[in-house]
Structures are given as structure tokens and as C-alpha cells.
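Asker: protein-v9.pdb is the file, holding PDB, C-alpha atoms and all ligand atoms:
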```
ATOM      1  CA  MET A   1     -24.718  16.050  18.689
ATOM      2  CA  LEU A   2     -21.324  14.524  17.948
ATOM      3  CA  PRO A   3     -19.372  16.087  15.085
ATOM      4  CA  ARG A   4     -19.398  13.975  11.940
ATOM      5  CA  GLU A   5     -16.662  11.449  11.413
ATOM      6  CA  LEU A   6     -13.956  12.793   9.127
ATOM      7  CA  ILE A   7     -11.278  11.153   6.994
ATOM      8  CA  ASP A   8      -7.826  12.492   6.187
ATOM      9  CA  LEU A   9      -6.221  10.869   3.164
ATOM     10  CA  HIS A  10      -3.401  13.355   2.666
ATOM     11  CA  ILE A  11      -1.355  14.251   5.719
ATOM     12  CA  HIS A  12       2.438  14.361   5.937
ATOM     13  CA  MET A  13       4.044  13.421   9.205
ATOM     14  CA  GLY A  14       6.620  16.177   8.686
ATOM     15  CA  GLY A  15       3.904  18.804   9.063
ATOM     16  CA  ALA A  16       1.566  17.090  11.476
ATOM     17  CA  VAL A  17       3.276  16.774  14.860
ATOM     18  CA  ALA A  18       2.439  19.469  17.428
ATOM     19  CA  PRO A  19       5.296  21.853  18.295
ATOM     20  CA  HIS A  20       5.208  20.918  21.999
ATOM     21  CA  ILE A  21       5.573  17.231  21.076
ATOM     22  CA  LEU A  22       8.501  17.972  18.737
ATOM     23  CA  TRP A  23      10.002  20.139  21.476
ATOM     24  CA  SER A  24       9.690  17.281  23.942
ATOM     25  CA  ILE A  25      11.155  14.757  21.476
ATOM     26  CA  ALA A  26      14.043  17.091  20.638
ATOM     27  CA  HIS A  27      14.903  17.447  24.318
ATOM     28  CA  GLN A  28      14.547  13.742  25.009
ATOM     29  CA  GLN A  29      17.149  13.138  22.331
ATOM     30  CA  GLY A  30      19.450  15.892  23.453
ATOM     31  CA  PHE A  31      18.995  17.641  20.140
ATOM     32  CA  LYS A  32      20.836  20.953  19.782
ATOM     33  CA  LEU A  33      18.315  23.596  18.735
ATOM     34  CA  PRO A  34      19.108  27.061  17.337
ATOM     35  CA  VAL A  35      16.549  28.776  19.595
ATOM     36  CA  LYS A  36      16.492  30.312  23.066
ATOM     37  CA  ASN A  37      13.055  29.160  24.185
ATOM     38  CA  TYR A  38       9.907  27.254  23.235
ATOM     39  CA  PHE A  39       8.205  30.185  21.544
ATOM     40  CA  GLU A  40      11.156  30.731  19.243
ATOM     41  CA  PHE A  41      10.972  27.035  18.460
ATOM     42  CA  VAL A  42       7.296  27.333  17.510
ATOM     43  CA  GLU A  43       8.264  30.220  15.223
ATOM     44  CA  LEU A  44      10.976  28.067  13.679
ATOM     45  CA  ILE A  45       8.780  25.107  12.759
ATOM     46  CA  THR A  46       5.461  26.671  11.777
ATOM     47  CA  ALA A  47       4.662  28.194   8.446
ATOM     48  CA  SER A  48       3.608  31.725   9.333
ATOM     49  CA  PRO A  49       2.496  33.669   6.253
ATOM     50  CA  ASP A  50       5.536  35.991   6.412
ATOM     51  CA  LYS A  51       7.838  32.974   6.168
ATOM     52  CA  VAL A  52       6.002  30.836   3.673
ATOM     53  CA  ASP A  53       4.958  32.128   0.316
ATOM     54  CA  SER A  54       5.660  29.111  -1.852
ATOM     55  CA  LEU A  55       5.723  25.352  -1.811
ATOM     56  CA  ASP A  56       9.516  25.406  -1.653
ATOM     57  CA  SER A  57       9.693  27.560   1.473
ATOM     58  CA  TYR A  58       7.074  25.315   3.060
ATOM     59  CA  LEU A  59       9.014  22.149   2.291
ATOM     60  CA  LYS A  60      12.222  23.728   3.532
ATOM     61  CA  ILE A  61      10.879  24.000   7.096
ATOM     62  CA  MET A  62       9.811  20.379   6.935
ATOM     63  CA  HIS A  63      13.176  19.123   5.677
ATOM     64  CA  GLN A  64      15.340  21.312   7.838
ATOM     65  CA  TRP A  65      13.790  20.698  11.228
ATOM     66  CA  THR A  66      10.827  18.423  11.672
ATOM     67  CA  GLU A  67      12.204  15.508   9.673
ATOM     68  CA  LYS A  68      15.492  15.762  11.539
ATOM     69  CA  ILE A  69      13.838  15.782  14.964
ATOM     70  CA  GLN A  70      11.737  12.794  13.919
ATOM     71  CA  SER A  71      14.813  10.769  12.994
ATOM     72  CA  SER A  72      14.940   7.986  15.577
ATOM     73  CA  PRO A  73      12.764   4.950  16.300
ATOM     74  CA  ALA A  74      11.500   6.484  19.584
ATOM     75  CA  ALA A  75      10.772   9.819  17.869
ATOM     76  CA  ILE A  76       8.926   8.218  14.989
ATOM     77  CA  GLU A  77       6.824   5.975  17.228
ATOM     78  CA  ARG A  78       5.715   8.918  19.313
ATOM     79  CA  SER A  79       5.134  11.124  16.256
ATOM     80  CA  VAL A  80       2.800   8.638  14.554
ATOM     81  CA  TYR A  81       0.985   7.939  17.815
ATOM     82  CA  GLU A  82       0.485  11.637  18.564
ATOM     83  CA  VAL A  83      -0.684  12.592  15.062
ATOM     84  CA  ILE A  84      -3.424   9.967  14.940
ATOM     85  CA  GLY A  85      -4.637  10.796  18.455
ATOM     86  CA  LYS A  86      -4.627  14.528  17.794
ATOM     87  CA  GLU A  87      -6.603  14.242  14.565
ATOM     88  CA  TYR A  88      -9.228  12.189  16.371
ATOM     89  CA  ARG A  89      -9.470  14.479  19.393
ATOM     90  CA  SER A  90      -9.519  17.733  17.432
ATOM     91  CA  SER A  91     -11.705  16.767  14.504
ATOM     92  CA  ARG A  92     -13.058  13.274  15.122
ATOM     93  CA  VAL A  93     -10.976  11.863  12.293
ATOM     94  CA  THR A  94     -11.787   8.165  12.440
ATOM     95  CA  GLN A  95      -9.828   7.163   9.363
ATOM     96  CA  ILE A  96      -6.377   8.464   8.539
ATOM     97  CA  GLU A  97      -3.696   7.662   5.988
ATOM     98  CA  LEU A  98      -0.453   9.070   7.302
ATOM     99  CA  ARG A  99       2.395   9.521   4.830
ATOM    100  CA  PHE A 100       6.103   9.974   5.344
ATOM    101  CA  ASN A 101       9.446   9.005   3.932
ATOM    102  CA  PRO A 102      11.252   6.587   6.287
ATOM    103  CA  MET A 103      14.524   7.141   4.422
ATOM    104  CA  LYS A 104      14.460  10.830   5.291
ATOM    105  CA  ARG A 105      14.384   9.782   8.938
ATOM    106  CA  ASN A 106      17.236   7.310   9.155
ATOM    107  CA  LEU A 107      19.991   9.942   9.212
ATOM    108  CA  HIS A 108      21.427   9.050   5.818
ATOM    109  CA  SER A 109      21.573   5.314   6.538
ATOM    110  CA  GLU A 110      23.066   5.687   9.998
ATOM    111  CA  LEU A 111      19.888   4.160  11.388
ATOM    112  CA  ASP A 112      18.369   0.883  10.300
ATOM    113  CA  LEU A 113      15.337   1.467   8.108
ATOM    114  CA  ASP A 114      13.427  -1.523   9.483
ATOM    115  CA  HIS A 115      13.710  -0.072  12.975
ATOM    116  CA  ILE A 116      12.241   3.237  11.777
ATOM    117  CA  ILE A 117       9.385   1.505   9.953
ATOM    118  CA  SER A 118       8.604  -0.886  12.813
ATOM    119  CA  ALA A 119       8.530   2.041  15.222
ATOM    120  CA  ALA A 120       6.036   3.864  12.993
ATOM    121  CA  ILE A 121       3.824   0.761  12.945
ATOM    122  CA  ARG A 122       4.012   0.469  16.740
ATOM    123  CA  GLY A 123       2.928   4.096  17.110
ATOM    124  CA  MET A 124       0.064   3.528  14.704
ATOM    125  CA  ASP A 125      -1.076   0.346  16.459
ATOM    126  CA  ARG A 126      -1.140   2.070  19.839
ATOM    127  CA  ALA A 127      -3.208   4.997  18.578
ATOM    128  CA  VAL A 128      -5.606   2.760  16.650
ATOM    129  CA  LEU A 129      -6.231   0.724  19.770
ATOM    130  CA  GLU A 130      -6.718   3.720  22.049
ATOM    131  CA  TYR A 131      -9.001   5.725  19.794
ATOM    132  CA  ASP A 132     -10.719   2.908  17.909
ATOM    133  CA  VAL A 133      -9.877   4.455  14.539
ATOM    134  CA  LYS A 134      -8.668   3.051  11.227
ATOM    135  CA  ALA A 135      -5.211   4.015  10.023
ATOM    136  CA  CYS A 136      -2.550   3.103   7.500
ATOM    137  CA  LEU A 137       0.842   4.371   6.418
ATOM    138  CA  ILE A 138       1.876   5.561   2.964
ATOM    139  CA  PHE A 139       5.569   5.752   2.038
ATOM    140  CA  CYS A 140       6.589   8.802   0.020
ATOM    141  CA  LEU A 141       9.065   8.313  -2.785
ATOM    142  CA  ALA A 142      11.059  11.452  -3.558
ATOM    143  CA  ARG A 143      11.247  13.112  -6.968
ATOM    144  CA  GLU A 144      14.742  14.344  -6.173
ATOM    145  CA  TRP A 145      16.034  10.813  -5.579
ATOM    146  CA  ASP A 146      17.413   8.336  -8.058
ATOM    147  CA  SER A 147      15.470   5.193  -8.835
ATOM    148  CA  LYS A 148      17.681   3.019  -6.650
ATOM    149  CA  LEU A 149      16.652   4.804  -3.448
ATOM    150  CA  ASN A 150      13.022   4.944  -4.521
ATOM    151  CA  SER A 151      12.964   1.244  -5.317
ATOM    152  CA  ILE A 152      14.210   0.480  -1.789
ATOM    153  CA  MET A 153      11.187   2.393  -0.504
ATOM    154  CA  VAL A 154       8.836   0.354  -2.678
ATOM    155  CA  GLU A 155      10.371  -2.941  -1.490
ATOM    156  CA  LYS A 156      10.016  -1.858   2.126
ATOM    157  CA  ALA A 157       6.391  -0.847   1.581
ATOM    158  CA  ILE A 158       5.631  -4.254   0.050
ATOM    159  CA  LYS A 159       7.429  -5.986   2.908
ATOM    160  CA  TYR A 160       5.294  -4.188   5.499
ATOM    161  CA  ARG A 161       2.014  -4.271   3.582
ATOM    162  CA  HIS A 162       0.475  -6.771   5.944
ATOM    163  CA  ARG A 163       1.346  -4.574   8.890
ATOM    164  CA  GLY A 164      -0.495  -1.522   7.554
ATOM    165  CA  VAL A 165       1.746   0.111   4.950
ATOM    166  CA  LEU A 166      -0.877   0.229   2.233
ATOM    167  CA  GLY A 167       0.455   2.577  -0.396
ATOM    168  CA  ILE A 168       3.174   4.670  -1.954
ATOM    169  CA  ASP A 169       3.207   8.299  -2.958
ATOM    170  CA  LEU A 170       5.532  10.286  -5.178
ATOM    171  CA  ALA A 171       6.296  13.577  -3.427
ATOM    172  CA  GLY A 172       8.398  16.660  -4.008
ATOM    173  CA  THR A 173       8.001  19.640  -6.267
ATOM    174  CA  GLU A 174       7.736  19.427 -10.004
ATOM    175  CA  ALA A 175      10.708  21.746 -10.085
ATOM    176  CA  ASN A 176      10.794  22.416 -13.788
ATOM    177  CA  ALA A 177       8.744  21.937 -16.902
ATOM    178  CA  LEU A 178      10.818  18.906 -17.806
ATOM    179  CA  GLU A 179       9.413  16.925 -14.897
ATOM    180  CA  LEU A 180       5.933  17.191 -16.389
ATOM    181  CA  LYS A 181       6.957  15.509 -19.623
ATOM    182  CA  PRO A 182       5.605  12.009 -20.211
ATOM    183  CA  GLU A 183       9.107  10.683 -20.899
ATOM    184  CA  VAL A 184      10.324  11.930 -17.517
ATOM    185  CA  VAL A 185       7.232  10.676 -15.660
ATOM    186  CA  SER A 186       7.863   7.342 -17.417
ATOM    187  CA  GLN A 187      10.953   6.698 -15.330
ATOM    188  CA  TYR A 188       8.665   5.783 -12.423
ATOM    189  CA  GLU A 189       6.465   3.495 -14.525
ATOM    190  CA  ASP A 190       8.143   0.194 -13.600
ATOM    191  CA  LEU A 191       8.326   1.179  -9.951
ATOM    192  CA  PHE A 192       4.608   1.897  -9.808
ATOM    193  CA  GLU A 193       3.789  -1.262 -11.732
ATOM    194  CA  HIS A 194       5.902  -3.247  -9.284
ATOM    195  CA  ALA A 195       4.158  -1.594  -6.311
ATOM    196  CA  ARG A 196       0.728  -2.433  -7.747
ATOM    197  CA  LYS A 197       1.734  -6.049  -8.322
ATOM    198  CA  GLY A 198       2.965  -6.136  -4.730
ATOM    199  CA  GLY A 199      -0.552  -5.220  -3.605
ATOM    200  CA  LEU A 200       0.021  -1.544  -2.857
ATOM    201  CA  LYS A 201      -2.203   1.375  -3.768
ATOM    202  CA  THR A 202      -0.675   4.480  -5.291
ATOM    203  CA  THR A 203      -0.997   8.239  -5.218
ATOM    204  CA  VAL A 204       1.146  10.978  -6.797
ATOM    205  CA  HIS A 205       1.672  14.655  -6.011
ATOM    206  CA  THR A 206       1.140  16.570  -9.229
ATOM    207  CA  GLY A 207      -0.591  19.630 -10.694
ATOM    208  CA  GLU A 208      -0.179  21.555  -7.465
ATOM    209  CA  THR A 209       1.803  24.703  -8.106
ATOM    210  CA  LYS A 210       1.021  27.522 -10.473
ATOM    211  CA  GLY A 211       2.730  27.269 -13.784
ATOM    212  CA  THR A 212       2.898  23.484 -13.788
ATOM    213  CA  GLY A 213      -0.287  23.156 -15.833
ATOM    214  CA  ALA A 214      -2.311  20.014 -16.359
ATOM    215  CA  GLU A 215       0.360  18.353 -18.458
ATOM    216  CA  GLY A 216       1.873  16.626 -15.441
ATOM    217  CA  VAL A 217      -1.516  15.353 -14.281
ATOM    218  CA  ILE A 218      -2.184  13.805 -17.688
ATOM    219  CA  ALA A 219       1.270  12.205 -17.861
ATOM    220  CA  VAL A 220       0.957  10.815 -14.328
ATOM    221  CA  VAL A 221      -2.506   9.332 -14.918
ATOM    222  CA  GLU A 222      -1.474   7.739 -18.192
ATOM    223  CA  LYS A 223       1.941   6.446 -17.186
ATOM    224  CA  LEU A 224       1.696   5.727 -13.461
ATOM    225  CA  LYS A 225      -2.020   4.802 -13.236
ATOM    226  CA  PRO A 226      -2.445   6.041  -9.656
ATOM    227  CA  ASN A 227      -5.591   5.427  -7.612
ATOM    228  CA  ARG A 228      -5.481   9.013  -6.428
ATOM    229  CA  ILE A 229      -3.652  12.270  -7.060
ATOM    230  CA  GLY A 230      -2.317  14.651  -4.424
ATOM    231  CA  HIS A 231      -3.685  18.129  -5.275
ATOM    232  CA  GLY A 232      -4.069  17.999  -9.079
ATOM    233  CA  ILE A 233      -5.739  21.416  -8.966
ATOM    234  CA  ARG A 234      -4.168  22.556 -12.247
ATOM    235  CA  ALA A 235      -6.393  20.010 -14.025
ATOM    236  CA  ALA A 236      -9.363  22.305 -13.376
ATOM    237  CA  TYR A 237      -8.060  24.491 -16.216
ATOM    238  CA  ASP A 238      -7.886  21.692 -18.760
ATOM    239  CA  GLU A 239     -10.955  19.857 -20.067
ATOM    240  CA  SER A 240      -9.011  16.880 -21.397
ATOM    241  CA  ALA A 241      -7.282  16.367 -18.042
ATOM    242  CA  MET A 242     -10.632  16.369 -16.242
ATOM    243  CA  LYS A 243     -12.102  13.984 -18.800
ATOM    244  CA  LEU A 244      -9.177  11.635 -18.223
ATOM    245  CA  LEU A 245      -9.474  11.806 -14.408
ATOM    246  CA  LYS A 246     -13.162  10.957 -14.689
ATOM    247  CA  GLU A 247     -12.664   8.131 -17.191
ATOM    248  CA  ARG A 248      -9.869   6.509 -15.198
ATOM    249  CA  ASP A 249     -11.741   7.086 -11.932
ATOM    250  CA  VAL A 250      -8.824   8.885 -10.287
ATOM    251  CA  VAL A 251      -9.753  10.764  -7.120
ATOM    252  CA  LEU A 252      -8.157  14.055  -6.113
ATOM    253  CA  GLU A 253      -6.817  14.746  -2.634
ATOM    254  CA  LEU A 254      -7.393  18.496  -2.288
ATOM    255  CA  CYS A 255      -5.793  20.418   0.582
ATOM    256  CA  PRO A 256      -7.487  23.849   0.830
ATOM    257  CA  THR A 257      -5.402  25.625   3.500
ATOM    258  CA  SER A 258      -2.177  24.266   2.067
ATOM    259  CA  ASN A 259      -2.992  25.613  -1.394
ATOM    260  CA  LEU A 260      -3.895  29.011   0.053
ATOM    261  CA  GLN A 261      -0.754  29.253   2.197
ATOM    262  CA  THR A 262       1.736  28.106  -0.419
ATOM    263  CA  LYS A 263       0.007  30.423  -2.932
ATOM    264  CA  ALA A 264      -0.804  27.492  -5.196
ATOM    265  CA  VAL A 265      -4.089  29.402  -5.616
ATOM    266  CA  GLU A 266      -4.650  33.172  -5.575
ATOM    267  CA  GLY A 267      -7.228  33.013  -2.831
ATOM    268  CA  VAL A 268     -10.487  31.434  -1.727
ATOM    269  CA  LYS A 269     -12.214  32.592  -4.942
ATOM    270  CA  GLU A 270      -9.820  30.664  -7.132
ATOM    271  CA  PHE A 271     -10.053  27.619  -4.902
ATOM    272  CA  GLU A 272     -13.830  27.818  -5.116
ATOM    273  CA  HIS A 273     -13.645  27.996  -8.903
ATOM    274  CA  ILE A 274     -11.416  24.918  -8.970
ATOM    275  CA  VAL A 275     -13.651  22.890  -6.653
ATOM    276  CA  ARG A 276     -16.834  23.858  -8.516
ATOM    277  CA  THR A 277     -15.261  23.032 -11.868
ATOM    278  CA  PHE A 278     -14.258  19.555 -10.686
ATOM    279  CA  TRP A 279     -17.705  19.047  -9.195
ATOM    280  CA  ASP A 280     -19.464  20.092 -12.401
ATOM    281  CA  ARG A 281     -17.293  17.832 -14.564
ATOM    282  CA  GLY A 282     -17.819  14.825 -12.291
ATOM    283  CA  VAL A 283     -14.211  14.639 -11.053
ATOM    284  CA  LYS A 284     -14.242  13.102  -7.571
ATOM    285  CA  ILE A 285     -12.594  15.193  -4.857
ATOM    286  CA  THR A 286     -11.724  14.859  -1.183
ATOM    287  CA  PHE A 287     -10.547  17.432   1.387
ATOM    288  CA  ASN A 288      -7.458  16.895   3.501
ATOM    289  CA  THR A 289      -5.009  18.725   5.766
ATOM    290  CA  ASP A 290      -1.581  18.139   4.129
ATOM    291  CA  GLY A 291       0.287  19.409   7.231
ATOM    292  CA  PRO A 292      -2.044  20.464  10.059
ATOM    293  CA  TYR A 293       0.540  21.953  12.450
ATOM    294  CA  LEU A 294       2.814  23.419   9.860
ATOM    295  CA  LEU A 295      -0.234  25.102   8.330
ATOM    296  CA  ASN A 296      -2.166  25.733  11.530
ATOM    297  CA  THR A 297      -5.237  23.755  10.515
ATOM    298  CA  ASP A 298      -7.049  20.493  11.171
ATOM    299  CA  MET A 299      -9.705  18.462   9.376
ATOM    300  CA  SER A 300     -12.668  20.286  10.921
ATOM    301  CA  ARG A 301     -11.189  23.629   9.856
ATOM    302  CA  GLU A 302     -10.654  22.329   6.306
ATOM    303  CA  ILE A 303     -14.306  21.295   6.098
ATOM    304  CA  ALA A 304     -15.417  24.592   7.684
ATOM    305  CA  LEU A 305     -13.394  26.503   5.081
ATOM    306  CA  VAL A 306     -15.316  24.731   2.306
ATOM    307  CA  GLU A 307     -18.737  25.099   3.951
ATOM    308  CA  ASP A 308     -18.415  28.592   5.444
ATOM    309  CA  ASN A 309     -17.271  30.035   2.125
ATOM    310  CA  LYS A 310     -20.159  28.194   0.457
ATOM    311  CA  ILE A 311     -17.776  26.450  -1.886
ATOM    312  CA  LEU A 312     -19.885  23.306  -1.492
ATOM    313  CA  THR A 313     -23.089  22.610   0.457
ATOM    314  CA  PRO A 314     -22.949  20.358   3.554
ATOM    315  CA  HIS A 315     -24.689  17.712   1.495
ATOM    316  CA  GLN A 316     -21.995  17.909  -1.188
ATOM    317  CA  VAL A 317     -19.301  17.781   1.496
ATOM    318  CA  ASP A 318     -20.896  14.568   2.773
ATOM    319  CA  GLN A 319     -20.473  13.185  -0.740
ATOM    320  CA  THR A 320     -16.753  14.055  -0.691
ATOM    321  CA  LEU A 321     -16.457  12.215   2.638
ATOM    322  CA  ALA A 322     -18.181   9.194   1.106
ATOM    323  CA  TRP A 323     -15.631   9.303  -1.749
ATOM    324  CA  ALA A 324     -12.806   9.541   0.774
ATOM    325  CA  ARG A 325     -14.121   6.364   2.374
ATOM    326  CA  ASP A 326     -14.639   4.610  -0.966
ATOM    327  CA  TYR A 327     -11.207   5.481  -2.312
ATOM    328  CA  SER A 328      -9.293   5.087   0.925
ATOM    329  CA  PHE A 329      -6.442   2.567   0.730
ATOM    330  CA  ILE A 330      -7.943   0.986   3.844
ATOM    331  CA  ALA A 331     -10.479  -1.692   2.920
ATOM    332  CA  LYS A 332     -14.022  -0.948   4.025
ATOM    333  CA  HIS A 333     -14.388  -4.105   6.083
TER     334      HIS A 333
HETATM  335 ZN    ZN B 401       1.275  16.735   0.179
END
```
Would you mind writing the file's structure down as C-alpha cells?
Ligand SMILES: [Zn+2]

Answerer:
Amino acid sequence: MLPRELIDLHIHMGGAVAPHILWSIAHQQGFKLPVKNYFEFVELITASPDKVDSLDSYLKIMHQWTEKIQSSPAAIERSVYEVIGKEYRSSRVTQIELRFNPMKRNLHSELDLDHIISAAIRGMDRAVLEYDVKACLIFCLAREWDSKLNSIMVEKAIKYRHRGVLGIDLAGTEANALELKPEVVSQYEDLFEHARKGGLKTTVHTGETKGTGAEGVIAVVEKLKPNRIGHGIRAAYDESAMKLLKERDVVLELCPTSNLQTKAVEGVKEFEHIVRTFWDRGVKITFNTDGPYLLNTDMSREIALVEDNKILTPHQVDQTLAWARDYSFIAKH
């Protein structure tokens, strides 16, 4: 029997390209690497538990190396192509929404952004054709950037909407309590409104790390009106946040292995509690990889983690896959 068809709605290109592909790209470009051999390179760009114990240390690997190696049209085309093919071959992922920030791959404006974006679309088109899958791109805005840079990203996403850039995301850590405040979240309100009017769908990273609470989730839902939320696990500890997510029909993109590795949750028990709480309150959830290579996972392992630990039954998992399809930015037909 063929494995069931899976969907990945939350996967960052910076954590999704296989080390041997990055190695090959780095060499093709004559990139100077601070390692002696391939195995040291693998060490450098994967998030082994002794290296990663927080979201910040995880993101650091992504920013320092993978994004840099992916910074050329040829590198980006191959990266997108390889990620989509790999997800299909390893886990039969037939629908994938791949997110990245093109402006973090144009070497601080040395490269033309349209070349980077067009290359990503070419890579996607090739993989879609070869594997007969559905795919789209999501552009990540960055919390650490000013609104001018982020608005360029939104304009570019709108410009390439008809070529398969279907949404925007707001990524980066909620570094301090201030960032959770409605008045701070509000600074993205016009940008998100503009994106919606331009025909884009929206998702926002929030409520991921411990100590951020559900306050950020509530502010994001009310101010930015996203279709989905990346993580949002802190909402499981706040009834009003869950009520709001249900009322506004906002779907959560959960990433089990990522949460375990970055210590966003204590362990499988806490993750189980979070998932069950959302399920009981009628908050719709999906399971995703976040960064399969950086985290040493793939979609089938994410689903196995949920089923093998009896967090949800296979039947319930099927329901989460149906939600992933329903709330995907890619139209059903
Ligand atoms: Zn993410």
C-alpha cells in the first residue's frame, strides 16, 4: 500500500536543503567554508541537540550558513527544486508551501531581488512538473526589519502572485515582551491589509517560545487577521486565546520536532497536552516540519511522532491532513 499523501504548510528553505546539496552548491560557487571536510560541514549546519537548545541558537545556524550558501539565483533554484523533490520522495508530500525570505538571499542588495525570486519559481516549476505535486512559495517578512524593507517584500509577493507566491509570513523571534503588545503588533497592520487586498494569504509566527504567553497570539489574530498561525502553542494555556482562534477560524501550523528541539516544549508529554487541548477546544491544527534537515526530520516522521506517542489517533491525524488541505494557500482546484 502506498503511504498516505502528506501536506507540509510550514517549512523554511533555510532548514530544508540536504547537507550534501548545500555542500555541492557551496563548492559550485567557490564558497570559502570554515571546515576541513564534508562531515565537519554536516556538523556545522545541522542542529544537533548539544548545539541547539533554544530558538535563537537554531536560527543562528540558519542565518550564518544556509542562507548565505543559498544566496545566488543558481543556488536558490536548485534549493527549491531539491526541497520539493525530497519531501515527495521521503514522505510522499504532494502539497507543499515553501517559505523563505528572498531579501536574506540577495547579499544585502548586491544581487537583484527579481532574479532571486524568478530562480525560486523556476526551481518550483521544475519540481512540480517532475513529481506531479502542488507547491507555492511564501515570503517571510522579518520582525527585526523596519517597515520599509518588509513592504518591499509584500510588493514583490503581490507582483509574483500569479506565478505561485501565494502568501506572506512574519518570522523571527518575539524577542521581548514588548513585541507581544497590541500596539507593537499594530505596526504590521497596514502591511497585512495591503497584502490581503493584493490577493495574498497570510500567516504569522507567534506564541512559539516559552514565556511569550498567549498575549501575542491574541494581538496577532485581532490586528493582523492571519489565515493561519505558525506554532501558536502558547495559546493552549489560555482559554480566551483558543476561543478567539476558533471564532476567527485561524488554523495552527504545529511543528512537533521543532518545538521539542528548540525546547519550546518540555517534552513529548507537554506537546501531547497542547495538542489534546487544542483538539478538545475545537482549534484546528496541522503538523509540519519547520526545517527537516536542520532538525533531522521529515513529514512522515512528524506524523509518526504524533501517532506512535498516541497523541492523536490515525483517524484524527487524517482530520488534521484534511484541514491542511482546506486551509492551504493553494486553491483546491
Ligand atoms: Zn517556522

Asker: Contacts between ligand ZN 401 (chain B) and chain A, please, where a residue of chain A counts if it comes within 9 Å (with all atoms listed in the file); show its shortest atom pair and distance in Å to one decimal, rows by chain and ascending number, as JSON lines.

Answerer:
```
{"residue": "A:His10", "atom": "CA", "partner": "B:ZN401", "partner_atom": "ZN", "distance": 6.3}
{"residue": "A:Ile11", "atom": "CA", "partner": "B:ZN401", "partner_atom": "ZN", "distance": 6.6}
{"residue": "A:His12", "atom": "CA", "partner": "B:ZN401", "partner_atom": "ZN", "distance": 6.3}
{"residue": "A:Arg99", "atom": "CA", "partner": "B:ZN401", "partner_atom": "ZN", "distance": 8.7}
{"residue": "A:Ala171", "atom": "CA", "partner": "B:ZN401", "partner_atom": "ZN", "distance": 6.9}
{"residue": "A:Gly172", "atom": "CA", "partner": "B:ZN401", "partner_atom": "ZN", "distance": 8.3}
{"residue": "A:His205", "atom": "CA", "partner": "B:ZN401", "partner_atom": "ZN", "distance": 6.5}
{"residue": "A:Gly230", "atom": "CA", "partner": "B:ZN401", "partner_atom": "ZN", "distance": 6.2}
{"residue": "A:His231", "atom": "CA", "partner": "B:ZN401", "partner_atom": "ZN", "distance": 7.5}
{"residue": "A:Glu253", "atom": "CA", "partner": "B:ZN401", "partner_atom": "ZN", "distance": 8.8}
{"residue": "A:Cys255", "atom": "CA", "partner": "B:ZN401", "partner_atom": "ZN", "distance": 8.0}
{"residue": "A:Ser258", "atom": "CA", "partner": "B:ZN401", "partner_atom": "ZN", "distance": 8.5}
{"residue": "A:Thr289", "atom": "CA", "partner": "B:ZN401", "partner_atom": "ZN", "distance": 8.6}
{"residue": "A:Asp290", "atom": "CA", "partner": "B:ZN401", "partner_atom": "ZN", "distance": 5.1}
{"residue": "A:Gly291", "atom": "CA", "partner": "B:ZN401", "partner_atom": "ZN", "distance": 7.6}
```

Asker: For this structure, which residues satisfy the selection - the PyMOL selection byres (((chain A and resi 265-281) around 9) and not hetatm) - when it is evaluated on the file as given? I want them as a ChimeraX atom specification.

Answerer: /A:208-210,233-237,239,242-243,246,254,256,259-264,282-285,305-306,309-312

Asker: Please provide as a list in words all residues within 12 Å of Gly30 of chain A, with the sequence filter that same-chain residues fewer than 5 positions apart are discarded (counting only C-alpha atoms).

Answerer: Trp23, Ser24, Ile25, Ile69 and Ala75 of chain A

Asker: In Å, how far is it from atom CA of Arg143 of chain A to atom CA of Glu110 of chain A?

Answerer: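 Between atom CA of Arg143 of chain A and atom CA of Glu110 of chain A the gap works out to 22.0 Å.
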
Asker: List the neighbours of Leu113 of chain A out to 12 Å using all atoms listed in the file; skip same-chain residues closer than 2 positions along the sequence, and give me the result as a list in words.

Answerer: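 Listed by chain and then number, they are Ser71, Ser72, Pro73, Ile76, Asn101, Pro102, Met103, Lys104, Arg105, Asn106, Leu107, His108, Ser109, Glu110, Leu111, His115, Ile116, Ile117, Ser118, Ala119, Ala120, Ile152, Met153, Glu155, Lys156, Ala157 and Tyr160 of chain A.
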